[in-house]
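Undergrad: Dropping in coords.txt, which is compact mmCIF, C-alpha atoms:
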# COMPACT_ATOMS: atom_id res chain seq x y z
CA MET A 1 -56.27 40.36 -65.02
CA GLU A 2 -56.80 44.14 -65.05
CA LEU A 3 -55.73 44.27 -68.69
CA SER A 4 -58.29 41.77 -69.89
CA ARG A 5 -61.05 43.72 -68.15
CA GLU A 6 -60.00 46.89 -69.97
CA GLU A 7 -59.90 45.00 -73.23
CA LYS A 8 -63.39 43.68 -72.68
CA ILE A 9 -64.73 47.19 -72.07
CA ARG A 10 -62.92 48.46 -75.16
CA ASP A 11 -64.33 45.67 -77.33
CA ASP A 12 -67.83 46.24 -75.95
CA VAL A 13 -67.73 50.00 -76.53
CA ASN A 14 -66.39 49.47 -80.05
CA THR A 15 -69.01 46.88 -80.91
CA HIS A 16 -71.73 49.05 -79.42
CA LEU A 17 -70.72 52.10 -81.47
CA VAL A 18 -70.65 50.02 -84.66
CA TRP A 19 -74.00 48.40 -83.81
CA ASP A 20 -75.76 51.72 -83.14
CA ASN A 21 -77.04 52.87 -86.51
CA ARG A 22 -77.64 56.40 -85.21
CA ILE A 23 -73.89 57.01 -85.27
CA ASP A 24 -71.24 57.14 -87.94
CA ALA A 25 -68.48 55.52 -85.88
CA LYS A 26 -65.88 54.71 -88.51
CA ASP A 27 -63.47 57.43 -87.36
CA ILE A 28 -63.86 56.87 -83.62
CA ARG A 29 -61.04 55.24 -81.68
CA VAL A 30 -61.68 53.87 -78.19
CA GLU A 31 -59.14 53.68 -75.40
CA VAL A 32 -59.74 52.40 -71.89
CA VAL A 33 -57.84 53.16 -68.71
CA GLY A 34 -59.29 51.33 -65.71
CA SER A 35 -63.01 52.09 -65.84
CA ARG A 36 -62.52 55.29 -67.85
CA VAL A 37 -63.24 55.34 -71.58
CA ILE A 38 -61.49 57.83 -73.88
CA LEU A 39 -63.11 58.58 -77.22
CA ILE A 40 -60.73 59.96 -79.86
CA GLY A 41 -61.22 60.91 -83.51
CA THR A 42 -63.95 62.60 -85.50
CA VAL A 43 -67.71 62.37 -86.01
CA PRO A 44 -69.83 64.08 -88.68
CA SER A 45 -72.22 65.84 -86.30
CA TYR A 46 -72.45 67.26 -82.81
CA SER A 47 -75.35 64.97 -81.94
CA ASP A 48 -73.20 61.97 -82.95
CA ARG A 49 -70.59 63.21 -80.51
CA TRP A 50 -73.05 63.04 -77.61
CA GLN A 51 -74.65 59.83 -78.73
CA ALA A 52 -71.21 58.19 -78.81
CA GLU A 53 -70.59 59.32 -75.23
CA ASP A 54 -73.99 58.00 -74.13
CA ASP A 55 -73.28 54.68 -75.82
CA ALA A 56 -69.94 54.36 -74.05
CA TYR A 57 -71.61 55.07 -70.69
CA SER A 58 -74.21 52.36 -71.30
CA ILE A 59 -71.56 49.60 -71.22
CA PRO A 60 -71.33 47.86 -67.84
CA GLY A 61 -68.11 48.67 -66.01
CA VAL A 62 -67.73 52.17 -67.49
CA ARG A 63 -67.61 54.87 -64.84
CA SER A 64 -66.48 57.89 -66.79
CA VAL A 65 -66.07 58.94 -70.40
CA ASP A 66 -63.49 61.42 -71.61
CA ASN A 67 -65.02 62.65 -74.84
CA ARG A 68 -62.30 64.06 -77.11
CA LEU A 69 -64.24 63.62 -80.32
CA LYS A 70 -64.05 66.47 -82.80
CA VAL A 71 -66.96 67.34 -85.04
CA VAL A 72 -66.19 67.59 -88.75
CA PRO A 73 -69.53 68.33 -90.44
CA ALA A 74 -70.14 66.10 -93.44
CA VAL A 75 -72.42 68.57 -95.19
CA SER A 76 -71.16 70.31 -98.29
CA PRO A 77 -71.17 73.14 -98.90
CA ALA A 78 -70.63 73.82 -95.20
CA PRO A 79 -73.20 76.34 -93.90
CA SER A 80 -71.82 79.78 -92.96
CA ASP A 81 -71.94 81.02 -89.37
CA THR A 82 -74.83 83.29 -90.34
CA ASP A 83 -76.73 80.34 -91.83
CA ILE A 84 -76.16 78.35 -88.67
CA ARG A 85 -77.32 81.23 -86.47
CA LEU A 86 -80.53 81.67 -88.46
CA ARG A 87 -81.20 77.92 -88.34
CA VAL A 88 -80.71 77.76 -84.59
CA GLU A 89 -82.87 80.86 -84.03
CA ASN A 90 -85.65 79.41 -86.16
CA VAL A 91 -85.52 75.98 -84.56
CA LEU A 92 -85.83 77.65 -81.14
CA ASN A 93 -88.61 80.03 -82.25
CA TRP A 94 -90.65 77.24 -83.80
CA ASN A 95 -90.48 74.92 -80.82
CA PRO A 96 -93.63 74.75 -78.69
CA SER A 97 -91.84 73.93 -75.43
CA ILE A 98 -89.53 76.93 -75.38
CA ASP A 99 -90.08 80.60 -74.73
CA SER A 100 -87.32 81.86 -76.99
CA SER A 101 -88.07 85.58 -76.58
CA GLY A 102 -85.14 86.03 -74.19
CA ILE A 103 -82.62 83.82 -76.02
CA LEU A 104 -79.73 85.23 -78.03
CA VAL A 105 -77.57 83.17 -80.39
CA SER A 106 -74.05 83.81 -81.67
CA VAL A 107 -71.94 81.55 -83.89
CA ASP A 108 -68.20 81.53 -84.46
CA HIS A 109 -66.67 78.87 -86.72
CA GLY A 110 -69.59 76.55 -86.07
CA VAL A 111 -69.43 77.02 -82.30
CA VAL A 112 -72.86 78.16 -81.11
CA THR A 113 -73.22 80.21 -77.94
CA LEU A 114 -76.64 80.55 -76.35
CA TYR A 115 -77.08 83.47 -73.95
CA GLY A 116 -79.82 85.57 -72.45
CA THR A 117 -82.60 84.13 -70.29
CA VAL A 118 -85.18 81.35 -70.22
CA PRO A 119 -87.96 80.84 -67.65
CA SER A 120 -86.91 77.33 -66.52
CA CYS A 121 -84.01 74.97 -66.12
CA ARG A 122 -85.78 72.47 -68.33
CA GLN A 123 -86.00 75.03 -71.15
CA LYS A 124 -82.31 75.84 -70.82
CA ASP A 125 -81.53 72.17 -71.45
CA ARG A 126 -84.02 71.87 -74.23
CA ALA A 127 -82.54 74.92 -76.00
CA TRP A 128 -79.12 73.27 -75.91
CA ASP A 129 -80.62 70.05 -77.23
CA LEU A 130 -82.29 71.77 -80.15
CA ALA A 131 -79.18 73.78 -81.07
CA SER A 132 -77.11 70.58 -80.89
CA GLY A 133 -79.26 68.94 -83.53
CA VAL A 134 -78.64 71.55 -86.23
CA SER A 135 -76.29 70.54 -89.03
CA GLY A 136 -73.05 72.50 -89.29
CA VAL A 137 -72.84 72.95 -85.50
CA VAL A 138 -69.53 71.75 -84.01
CA ASP A 139 -70.09 72.78 -80.39
CA VAL A 140 -72.76 74.45 -78.25
CA VAL A 141 -71.86 76.65 -75.28
CA ASN A 142 -74.86 77.12 -73.02
CA ASP A 143 -74.57 80.46 -71.21
CA LEU A 144 -78.33 80.83 -70.74
CA LYS A 145 -79.48 82.11 -67.38
CA VAL A 146 -82.65 80.84 -65.75
CA ARG A 147 -84.94 83.65 -64.67
CA LEU A 148 -87.95 82.15 -62.93
CA PRO A 149 -91.34 83.85 -63.24
CA GLU A 150 -91.84 83.21 -59.51
CA GLU A 151 -89.69 81.90 -56.72
CA THR A 152 -90.33 78.56 -55.00
CA ALA A 153 -89.14 77.87 -51.46
CA ASP A 154 -86.09 75.58 -51.31
CA GLN A 155 -87.91 73.23 -48.95
CA THR A 156 -90.78 72.85 -51.44
CA ILE A 157 -88.36 72.13 -54.29
CA LYS A 158 -86.59 69.52 -52.24
CA GLY A 159 -89.84 67.82 -51.21
CA ASP A 160 -91.04 67.85 -54.81
CA ILE A 161 -87.83 66.20 -56.07
CA LEU A 162 -87.81 63.55 -53.34
CA ASN A 163 -91.48 62.67 -53.90
CA THR A 164 -90.90 62.36 -57.61
CA LEU A 165 -87.85 60.14 -57.13
CA ASP A 166 -90.00 57.95 -54.88
CA ARG A 167 -92.74 57.72 -57.46
CA HIS A 168 -90.32 56.83 -60.23
CA THR A 169 -89.77 53.17 -61.01
CA LEU A 170 -86.43 51.64 -60.18
CA ILE A 171 -84.35 54.40 -58.73
CA ASP A 172 -82.82 53.46 -55.44
CA THR A 173 -83.54 56.76 -53.75
CA GLY A 174 -82.11 55.66 -50.44
CA ARG A 175 -78.64 56.52 -51.64
CA VAL A 176 -79.41 59.86 -53.31
CA ASP A 177 -78.96 63.01 -51.25
CA VAL A 178 -80.67 66.22 -52.39
CA THR A 179 -79.82 69.69 -51.12
CA VAL A 180 -81.36 72.93 -52.37
CA GLN A 181 -80.10 76.43 -51.82
CA GLY A 182 -81.56 79.46 -53.56
CA GLY A 183 -83.09 77.24 -56.27
CA ILE A 184 -79.75 75.53 -56.94
CA VAL A 185 -80.01 71.77 -56.51
CA THR A 186 -77.01 69.64 -55.61
CA LEU A 187 -77.28 65.88 -56.08
CA ARG A 188 -74.90 63.63 -54.17
CA GLY A 189 -74.68 59.93 -53.44
CA ILE A 190 -74.51 56.74 -55.42
CA VAL A 191 -76.60 55.40 -58.30
CA ASP A 192 -76.41 52.02 -59.99
CA ASN A 193 -75.83 53.06 -63.57
CA TYR A 194 -75.60 55.90 -66.04
CA LYS A 195 -79.32 55.75 -66.86
CA ALA A 196 -80.17 56.36 -63.20
CA PHE A 197 -77.52 59.11 -63.06
CA ARG A 198 -79.23 60.94 -65.95
CA THR A 199 -82.77 60.21 -64.76
CA VAL A 200 -82.19 61.71 -61.31
CA GLU A 201 -80.64 64.81 -62.92
CA GLU A 202 -83.57 65.11 -65.32
CA ILE A 203 -86.09 64.81 -62.51
CA ALA A 204 -84.40 67.68 -60.68
CA LYS A 205 -84.34 69.78 -63.84
CA PHE A 206 -88.04 69.21 -64.56
CA THR A 207 -89.06 70.38 -61.11
CA HIS A 208 -90.74 73.78 -60.64
CA GLY A 209 -88.52 76.48 -59.17
CA VAL A 210 -85.14 74.92 -60.04
CA ILE A 211 -82.50 77.32 -61.38
CA GLU A 212 -79.57 74.97 -61.74
CA VAL A 213 -78.66 71.35 -61.04
CA ARG A 214 -75.20 70.30 -59.90
CA ASN A 215 -74.91 66.58 -60.43
CA GLU A 216 -72.24 65.12 -58.16
CA LEU A 217 -73.69 61.60 -58.18
CA VAL A 218 -71.28 58.71 -58.46
CA ILE A 219 -72.00 55.63 -60.58
CA ALA A 220 -71.39 52.50 -58.49
CA MET B 1 -88.96 40.87 -60.84
CA PRO B 2 -92.27 40.17 -59.04
CA ARG B 3 -94.28 43.26 -58.40
CA GLN B 4 -96.97 44.08 -55.93
CA LYS B 5 -100.33 45.04 -57.31
CA ARG B 6 -101.26 48.57 -56.37
CA ASN B 7 -104.78 49.77 -55.97
CA PRO B 8 -106.15 52.00 -58.75
CA GLU B 9 -106.72 54.99 -56.40
CA ASP B 10 -103.03 55.07 -55.45
CA ILE B 11 -101.94 54.73 -59.06
CA GLY B 12 -104.31 57.53 -60.08
CA ALA B 13 -103.04 59.82 -57.31
CA ASP B 14 -99.43 59.19 -58.34
CA VAL B 15 -100.12 59.78 -62.03
CA SER B 16 -101.87 63.01 -61.11
CA SER B 17 -98.96 64.18 -58.93
CA HIS B 18 -96.47 63.23 -61.61
CA LEU B 19 -98.28 65.19 -64.33
CA SER B 20 -98.53 68.29 -62.16
CA TRP B 21 -94.89 67.96 -61.08
CA ASP B 22 -93.63 68.02 -64.70
CA SER B 23 -92.90 71.69 -65.34
CA SER B 24 -92.59 71.11 -69.08
CA LEU B 25 -96.21 70.04 -69.35
CA ASP B 26 -99.54 71.88 -69.27
CA HIS B 27 -101.71 69.33 -67.48
CA THR B 28 -104.70 71.55 -66.57
CA ASN B 29 -107.16 69.83 -68.90
CA ILE B 30 -105.97 66.24 -68.55
CA HIS B 31 -108.38 63.75 -67.04
CA ILE B 32 -107.08 60.51 -65.49
CA ASP B 33 -108.99 57.23 -65.16
CA VAL B 34 -107.55 54.04 -63.73
CA VAL B 35 -109.08 50.60 -64.11
CA ASN B 36 -106.95 47.88 -62.51
CA ASP B 37 -103.47 48.71 -63.81
CA ILE B 38 -104.51 50.50 -66.99
CA VAL B 39 -104.46 54.30 -67.06
CA THR B 40 -106.64 56.23 -69.49
CA LEU B 41 -105.74 59.83 -70.25
CA SER B 42 -108.43 62.00 -71.81
CA GLY B 43 -109.05 65.69 -72.31
CA THR B 44 -106.85 68.20 -74.09
CA VAL B 45 -103.26 69.44 -74.14
CA PRO B 46 -101.95 72.53 -75.93
CA THR B 47 -99.29 70.78 -78.06
CA TYR B 48 -98.65 67.48 -79.75
CA ARG B 49 -95.45 67.12 -77.76
CA ASP B 50 -97.44 67.42 -74.50
CA LEU B 51 -99.65 64.58 -75.67
CA TRP B 52 -96.66 62.20 -75.73
CA GLN B 53 -94.97 63.69 -72.70
CA ALA B 54 -98.12 63.08 -70.63
CA GLU B 55 -98.19 59.44 -71.71
CA HIS B 56 -94.52 59.01 -70.87
CA ASP B 57 -95.06 60.58 -67.43
CA ALA B 58 -97.98 58.25 -66.70
CA ARG B 59 -95.97 55.19 -67.73
CA VAL B 60 -93.11 55.79 -65.30
CA VAL B 61 -95.46 55.50 -62.29
CA PRO B 62 -95.10 52.16 -60.47
CA GLY B 63 -97.96 49.75 -61.00
CA VAL B 64 -98.97 51.12 -64.42
CA ALA B 65 -99.15 48.31 -66.98
CA MET B 66 -100.52 50.24 -69.92
CA VAL B 67 -101.62 53.74 -70.90
CA ASP B 68 -104.57 54.36 -73.15
CA ASN B 69 -103.82 57.79 -74.53
CA ARG B 70 -107.02 59.53 -75.68
CA LEU B 71 -105.71 63.05 -75.33
CA LYS B 72 -106.49 65.55 -78.06
CA VAL B 73 -104.50 68.60 -79.02
CA ALA B 74 -106.35 71.89 -78.62
CA SER B 75 -103.72 74.32 -79.79
CA CYS B 76 -103.85 77.91 -78.72
CA VAL B 77 -101.11 79.32 -80.92
CA SER B 78 -101.05 83.04 -81.28
CA PRO B 79 -100.55 84.47 -83.77
CA GLU B 80 -102.23 81.77 -85.81
CA VAL B 81 -99.85 79.69 -87.97
CA ASN B 82 -101.29 78.55 -91.31
CA ASP B 83 -100.71 75.17 -92.95
CA ARG B 84 -98.27 76.57 -95.48
CA GLN B 85 -96.10 78.04 -92.71
CA VAL B 86 -96.28 74.80 -90.77
CA ARG B 87 -95.15 72.87 -93.85
CA ASP B 88 -92.21 75.23 -94.47
CA ARG B 89 -91.13 74.96 -90.86
CA VAL B 90 -91.32 71.18 -90.76
CA ARG B 91 -89.37 70.96 -94.03
CA HIS B 92 -86.66 73.24 -92.69
CA VAL B 93 -86.40 71.41 -89.39
CA LEU B 94 -85.92 68.12 -91.28
CA GLU B 95 -83.49 69.68 -93.75
CA TRP B 96 -81.34 71.18 -90.98
CA ASN B 97 -80.97 67.92 -89.08
CA PRO B 98 -77.75 66.08 -89.95
CA ALA B 99 -79.35 62.64 -89.56
CA ILE B 100 -82.10 63.14 -92.13
CA ASP B 101 -82.02 62.99 -95.91
CA PRO B 102 -84.80 65.51 -96.69
CA SER B 103 -84.76 64.79 -100.44
CA ARG B 104 -86.51 61.49 -99.78
CA ILE B 105 -89.21 62.85 -97.46
CA ASN B 106 -92.33 64.67 -98.56
CA VAL B 107 -94.24 66.92 -96.16
CA THR B 108 -97.92 67.79 -96.51
CA VAL B 109 -100.08 69.67 -94.03
CA GLU B 110 -103.84 69.91 -93.77
CA ASN B 111 -105.63 71.52 -90.84
CA HIS B 112 -102.44 71.34 -88.79
CA VAL B 113 -102.09 67.60 -89.39
CA VAL B 114 -98.66 66.84 -90.85
CA THR B 115 -98.19 63.80 -93.07
CA LEU B 116 -94.70 62.53 -93.86
CA THR B 117 -94.36 60.28 -96.90
CA GLY B 118 -91.27 58.83 -98.55
CA LYS B 119 -88.32 56.74 -97.46
CA THR B 120 -85.56 56.54 -94.88
CA GLU B 121 -82.61 54.16 -94.68
CA THR B 122 -83.09 53.23 -91.04
CA TYR B 123 -85.96 52.88 -88.61
CA TRP B 124 -84.21 55.29 -86.32
CA GLN B 125 -84.18 58.03 -89.02
CA LYS B 126 -87.90 57.50 -89.49
CA SER B 127 -88.54 57.90 -85.76
CA LYS B 128 -86.31 60.97 -85.69
CA ALA B 129 -88.14 62.57 -88.63
CA LEU B 130 -91.51 61.95 -86.95
CA SER B 131 -90.39 63.39 -83.61
CA LEU B 132 -88.81 66.45 -85.26
CA ALA B 133 -92.07 67.11 -87.12
CA ALA B 134 -94.06 66.67 -83.92
CA ASP B 135 -92.02 69.29 -82.12
CA VAL B 136 -93.00 72.33 -84.20
CA ILE B 137 -95.45 75.05 -83.23
CA GLY B 138 -98.74 74.66 -85.10
CA VAL B 139 -98.53 70.87 -85.48
CA ASP B 140 -101.53 69.09 -83.92
CA GLU B 141 -100.78 65.62 -85.21
CA VAL B 142 -98.23 63.72 -87.31
CA VAL B 143 -99.28 60.95 -89.67
CA ASP B 144 -96.57 58.42 -90.52
CA ARG B 145 -96.42 57.20 -94.12
CA LEU B 146 -92.64 56.72 -94.15
CA LYS B 147 -91.14 53.46 -95.39
CA VAL B 148 -87.83 52.15 -94.16
CA GLU B 149 -85.59 50.80 -96.89
CA PRO B 150 -82.31 49.45 -95.50
CA PRO B 151 -79.50 49.69 -98.07
CA ALA B 152 -77.98 46.23 -97.67
CA GLY B 153 -79.89 42.99 -97.33
CA VAL B 154 -79.77 42.20 -93.64
CA THR B 155 -81.51 38.90 -92.87
CA ASP B 156 -84.10 38.45 -90.10
CA LEU B 157 -81.76 36.03 -88.36
CA GLU B 158 -78.96 38.61 -88.36
CA ILE B 159 -81.33 41.16 -86.79
CA ILE B 160 -82.28 38.77 -83.97
CA GLU B 161 -78.61 37.91 -83.36
CA SER B 162 -77.60 41.56 -83.31
CA MET B 163 -80.35 42.38 -80.82
CA ASP B 164 -79.47 39.41 -78.60
CA GLU B 165 -75.79 40.41 -78.58
CA THR B 166 -76.67 43.99 -77.69
CA ILE B 167 -78.92 42.96 -74.81
CA GLU B 168 -76.11 40.74 -73.54
CA ARG B 169 -73.47 43.46 -73.99
CA LEU B 170 -75.55 45.90 -71.95
CA ASN B 171 -76.20 43.22 -69.36
CA ILE B 172 -79.93 43.92 -69.24
CA ASP B 173 -82.33 41.50 -67.66
CA ILE B 174 -85.22 41.55 -70.07
CA GLY B 175 -87.03 38.63 -68.47
CA ALA B 176 -89.55 36.88 -70.62
CA VAL B 177 -89.45 38.95 -73.80
CA ASP B 178 -90.18 37.14 -77.01
CA VAL B 179 -88.53 38.72 -80.05
CA SER B 180 -89.60 37.72 -83.53
CA VAL B 181 -88.59 39.25 -86.85
CA ASP B 182 -90.40 39.01 -90.15
CA LYS B 183 -88.86 40.77 -93.17
CA GLY B 184 -87.36 43.42 -90.92
CA LEU B 185 -90.47 43.91 -88.79
CA VAL B 186 -89.55 43.28 -85.16
CA THR B 187 -92.37 42.17 -82.85
CA LEU B 188 -91.80 42.34 -79.10
CA LYS B 189 -94.10 40.27 -76.89
CA GLY B 190 -94.17 39.30 -73.24
CA THR B 191 -93.87 41.04 -69.90
CA VAL B 192 -91.06 43.24 -68.60
CA GLY B 193 -90.46 44.35 -65.01
CA ASP B 194 -90.67 48.11 -65.54
CA TYR B 195 -91.18 50.89 -68.03
CA ARG B 196 -87.47 51.54 -68.38
CA THR B 197 -86.84 48.03 -69.68
CA TYR B 198 -89.84 48.45 -71.97
CA CYS B 199 -88.19 51.54 -73.50
CA THR B 200 -84.70 50.01 -73.62
CA VAL B 201 -85.85 46.93 -75.53
CA GLU B 202 -87.76 49.11 -77.98
CA ASP B 203 -84.72 51.38 -78.43
CA ILE B 204 -82.44 48.43 -79.08
CA ALA B 205 -84.78 47.16 -81.78
CA GLY B 206 -85.03 50.65 -83.27
CA CYS B 207 -81.26 51.15 -83.56
CA THR B 208 -80.44 47.77 -85.07
CA GLU B 209 -79.38 47.64 -88.72
CA GLY B 210 -81.95 46.13 -91.05
CA VAL B 211 -84.99 46.82 -88.87
CA THR B 212 -87.85 48.33 -90.89
CA ALA B 213 -90.53 48.52 -88.19
CA VAL B 214 -91.02 47.80 -84.51
CA SER B 215 -94.26 46.52 -83.04
CA ASN B 216 -94.06 46.78 -79.28
CA ASP B 217 -96.69 44.60 -77.59
CA LEU B 218 -94.78 44.40 -74.30
CA ARG B 219 -96.64 44.60 -71.03
CA VAL B 220 -95.25 46.03 -67.84
CA GLY B 221 -96.09 43.93 -64.79
Would it be possible to restate this file's structure as structure tokens?

TA:
Amino acid sequence: MELSREEKIRDDVNTHLVWDNRIDAKDIRVEVVGSRVILIGTVPSYSDRWQAEDDAYSIPGVRSVDNRLKVVPAVSPAPSDTDIRLRVENVLNWNPSIDSSGILVSVDHGVVTLYGTVPSCRQKDRAWDLASGVSGVVDVVNDLKVRLPEETADQTIKGDILNTLDRHTLIDTGRVDVTVQGGIVTLRGIVDNYKAFRTVEEIAKFTHGVIEVRNELVIA
Amino acid sequence: MPRQKRNPEDIGADVSSHLSWDSSLDHTNIHIDVVNDIVTLSGTVPTYRDLWQAEHDARVVPGVAMVDNRLKVASCVSPEVNDRQVRDRVRHVLEWNPAIDPSRINVTVENHVVTLTGKTETYWQKSKALSLAADVIGVDEVVDRLKVEPPAGVTDLEIIESMDETIERLNIDIGAVDVSVDKGLVTLKGTVGDYRTYCTVEDIAGCTEGVTAVSNDLRVG
């Protein structure tokens, strides 16, 4: 009984990865233990790696994904670390939604590290996103610190997040618990699916005054 | 799922709160009008990305059936970026993305309006190219002249089947959505329960092999 359920999840994840034309899934192997999916093998880009994880999460019955995919860039000639650094720096500098003046970039064997400061939690995420989408990148370590231009009271942040969750369509906010301490938001409770899990986290990150979001939500 | 009608004042107040909550958006010069369940956004935003972000924010508010986006971009970039610089940047951004084949895309820029012409293999790559171009300082608008040319001949029937299977696999209740496909062009009609389903159905169409265009006429209600 348990076995056939695992097999169904495995088949669904496999089919979904093959269906999704954003991803080159030919070298991905899927294993399932209980409601946990393990992704093994290689993908040609770092964004494929994350897309594959997202795809696995979207399958009903999946509660966690252990992403062991390695990135083997398909571009030849492979860009040097210096090339990659310049690309990432430019992509950040040219983006209208990021103040990149406090961001520093280092690259070692395709692994990008972002450090320095940004003025919001949202920008920290966005910087990671942009760096992730550069070809030649195999991993992105986000060591950026959020330095807010002005502080917001924890109570205000909390109220803002709760109001926004309320306003948002189709999130069962009754089961989400929000605590804020020194600008650090912790999310606890239960959500129905991975989409809701990500949406609640995103809402917290978009809110004024937030330094960091710790997402401890559980997918039912 | 049946939904209660909300009065336009409440919808307007929620859209306004949602726009000012979003810390990634400069909403100072956005004007909101609500007639029944249709929201009209007018005024100006500083970037092309803000223009779409504002629309997205308005759509997530309960009771909103449609958004008429009349926002204009009034960029205040300093120092000034000229068209040639904008073109070089957009070309680089496309070239550095692993999903895009830049040799098949041509970039032209006039008065900060970027036009992309050429071909992509998938609809998703086309959308990606357009959103990458939109997210560059100095771009006020992106004009889409890209054609999708799928490599293998996927039939319209195969596209419908693939979409149906995907919707079933994800166990999504899409309600009364009518999907039709004509030579790769997917048309979505009908009413969905919420904006999230609206986006999900559009995404599924956009990521399916063989799709050359997506026309989303769905209504939220």

Undergrad: Near chain B, which residues of chain A fall within 6 Å when you count all atoms listed in the file, and what do they look like as number ranges by chain?

TA: A: 20-21, 59, 94-96, 133-135, 167-169, 206-208

Undergrad: Rounded to one decimal in Å, what is the spacing between CA of Ala129 (chain B) and CA of Asp55 (chain A)?

TA: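 Going from CA of Ala129 (chain B) over to CA of Asp55 (chain A) covers 21.1 Å.
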
Undergrad: Which residue gives the smallest distance to His27 (chain B) among B:Ala176, B:Lys183, B:Val143, B:Ser42, with all atoms listed in the file counted?

TA: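 Going through B:Ala176, B:Lys183, B:Val143, B:Ser42 one by one, the smallest distance to His27 (chain B) is for B:Ser42.
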
Undergrad: Quick one, how far is CA of Ala65 (chain B) from CA of Ile167 (chain B)?

TA: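 Rounded to one decimal, the two atoms are 22.3 Å apart.
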
Undergrad: Report, in Å with one decimal, the straight-line distance from CA of Leu144 (chain A) to CA of Lys124 (chain A).

TA: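 Pair CA of Leu144 (chain A) / CA of Lys124 (chain A) returns 6.4 Å.
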
Undergrad: Quick one: residues within 10 Å of Asp83 (chain A), only C-alpha atoms, excluding same-chain residues fewer than 4 positions away - as a PyMOL selection string?

TA: chain A and resi 78-79+87-89+107+110+136

Undergrad: Okay, now the selection with C-alpha atoms, as a PDB file, keeping the file's coordinate frame?

TA:
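Wrote out.pdb, looks like this:
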ATOM      1  CA  ALA A  78     -70.630  73.820 -95.200  1.00  0.00           C
ATOM      2  CA  PRO A  79     -73.200  76.340 -93.900  1.00  0.00           C
ATOM      3  CA  ARG A  87     -81.200  77.920 -88.340  1.00  0.00           C
ATOM      4  CA  VAL A  88     -80.710  77.760 -84.590  1.00  0.00           C
ATOM      5  CA  GLU A  89     -82.870  80.860 -84.030  1.00  0.00           C
ATOM      6  CA  VAL A 107     -71.940  81.550 -83.890  1.00  0.00           C
ATOM      7  CA  GLY A 110     -69.590  76.550 -86.070  1.00  0.00           C
ATOM      8  CA  GLY A 136     -73.050  72.500 -89.290  1.00  0.00           C
TER       9      GLY A 136
END

Undergrad: Counting all atoms listed in the file, what is within 12 Å of Gly184 (chain B), bar same-chain residues fewer than 3 positions away, as a list in words?

TA: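 The filter keeps Thr122, Tyr123, Lys147, Val148, Glu149, Pro150, Ala152, Gly153, Val154, Thr155, Asp156, Leu157, Glu158, Ile159, Ile160, Val179, Ser180, Val181, Thr187, Ala205, Gly206, Thr208, Glu209, Gly210, Val211, Thr212, Ala213, Val214 and Ser215 of chain B.
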
Undergrad: Up to 7 Å from (-96.3, 66.1, -88.3) in the file's coordinates: name the residues, counting all atoms listed in the file, as a list of chain:residue names.

TA: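 Protein and nucleic acid residues near the point are B:Val113, B:Val114, B:Thr115, B:Leu116, B:Leu130, B:Ala133, B:Ala134, B:Val139, B:Glu141, B:Val142, B:Val143.
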
Undergrad: Would you mind putting back N, CA and C atoms on region 66-76 of chain A, then writing it out as a PDB file, keeping the file's coordinate frame?

TA:
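Saved result, out19.pdb, follows:
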ATOM      1  N   ASP A  66     -64.210  60.210 -71.220  1.00  0.00           N
ATOM      2  CA  ASP A  66     -63.490  61.420 -71.610  1.00  0.00           C
ATOM      3  C   ASP A  66     -63.714  61.586 -73.113  1.00  0.00           C
ATOM      4  N   ASN A  67     -64.599  62.511 -73.449  1.00  0.00           N
ATOM      5  CA  ASN A  67     -65.020  62.650 -74.840  1.00  0.00           C
ATOM      6  C   ASN A  67     -64.149  63.668 -75.569  1.00  0.00           C
ATOM      7  N   ARG A  68     -63.191  63.160 -76.365  1.00  0.00           N
ATOM      8  CA  ARG A  68     -62.300  64.060 -77.110  1.00  0.00           C
ATOM      9  C   ARG A  68     -62.646  64.087 -78.587  1.00  0.00           C
ATOM     10  N   LEU A  69     -63.840  63.650 -78.915  1.00  0.00           N
ATOM     11  CA  LEU A  69     -64.240  63.620 -80.320  1.00  0.00           C
ATOM     12  C   LEU A  69     -64.383  65.026 -80.882  1.00  0.00           C
ATOM     13  N   LYS A  70     -63.892  65.189 -82.110  1.00  0.00           N
ATOM     14  CA  LYS A  70     -64.050  66.470 -82.800  1.00  0.00           C
ATOM     15  C   LYS A  70     -65.134  66.304 -83.857  1.00  0.00           C
ATOM     16  N   VAL A  71     -65.888  67.387 -84.047  1.00  0.00           N
ATOM     17  CA  VAL A  71     -66.960  67.340 -85.040  1.00  0.00           C
ATOM     18  C   VAL A  71     -66.463  67.916 -86.363  1.00  0.00           C
ATOM     19  N   VAL A  72     -66.515  67.102 -87.408  1.00  0.00           N
ATOM     20  CA  VAL A  72     -66.190  67.590 -88.750  1.00  0.00           C
ATOM     21  C   VAL A  72     -67.444  67.389 -89.596  1.00  0.00           C
ATOM     22  N   PRO A  73     -68.241  68.472 -89.753  1.00  0.00           N
ATOM     23  CA  PRO A  73     -69.530  68.330 -90.440  1.00  0.00           C
ATOM     24  C   PRO A  73     -69.357  67.744 -91.844  1.00  0.00           C
ATOM     25  N   ALA A  74     -70.249  66.798 -92.159  1.00  0.00           N
ATOM     26  CA  ALA A  74     -70.140  66.100 -93.440  1.00  0.00           C
ATOM     27  C   ALA A  74     -70.892  66.823 -94.552  1.00  0.00           C
ATOM     28  N   VAL A  75     -71.600  67.894 -94.173  1.00  0.00           N
ATOM     29  CA  VAL A  75     -72.420  68.570 -95.190  1.00  0.00           C
ATOM     30  C   VAL A  75     -71.563  69.448 -96.089  1.00  0.00           C
ATOM     31  N   SER A  76     -71.848  69.396 -97.403  1.00  0.00           N
ATOM     32  CA  SER A  76     -71.160  70.310 -98.290  1.00  0.00           C
ATOM     33  C   SER A  76     -72.186  70.918 -99.246  1.00  0.00           C
TER      34      SER A  76
END
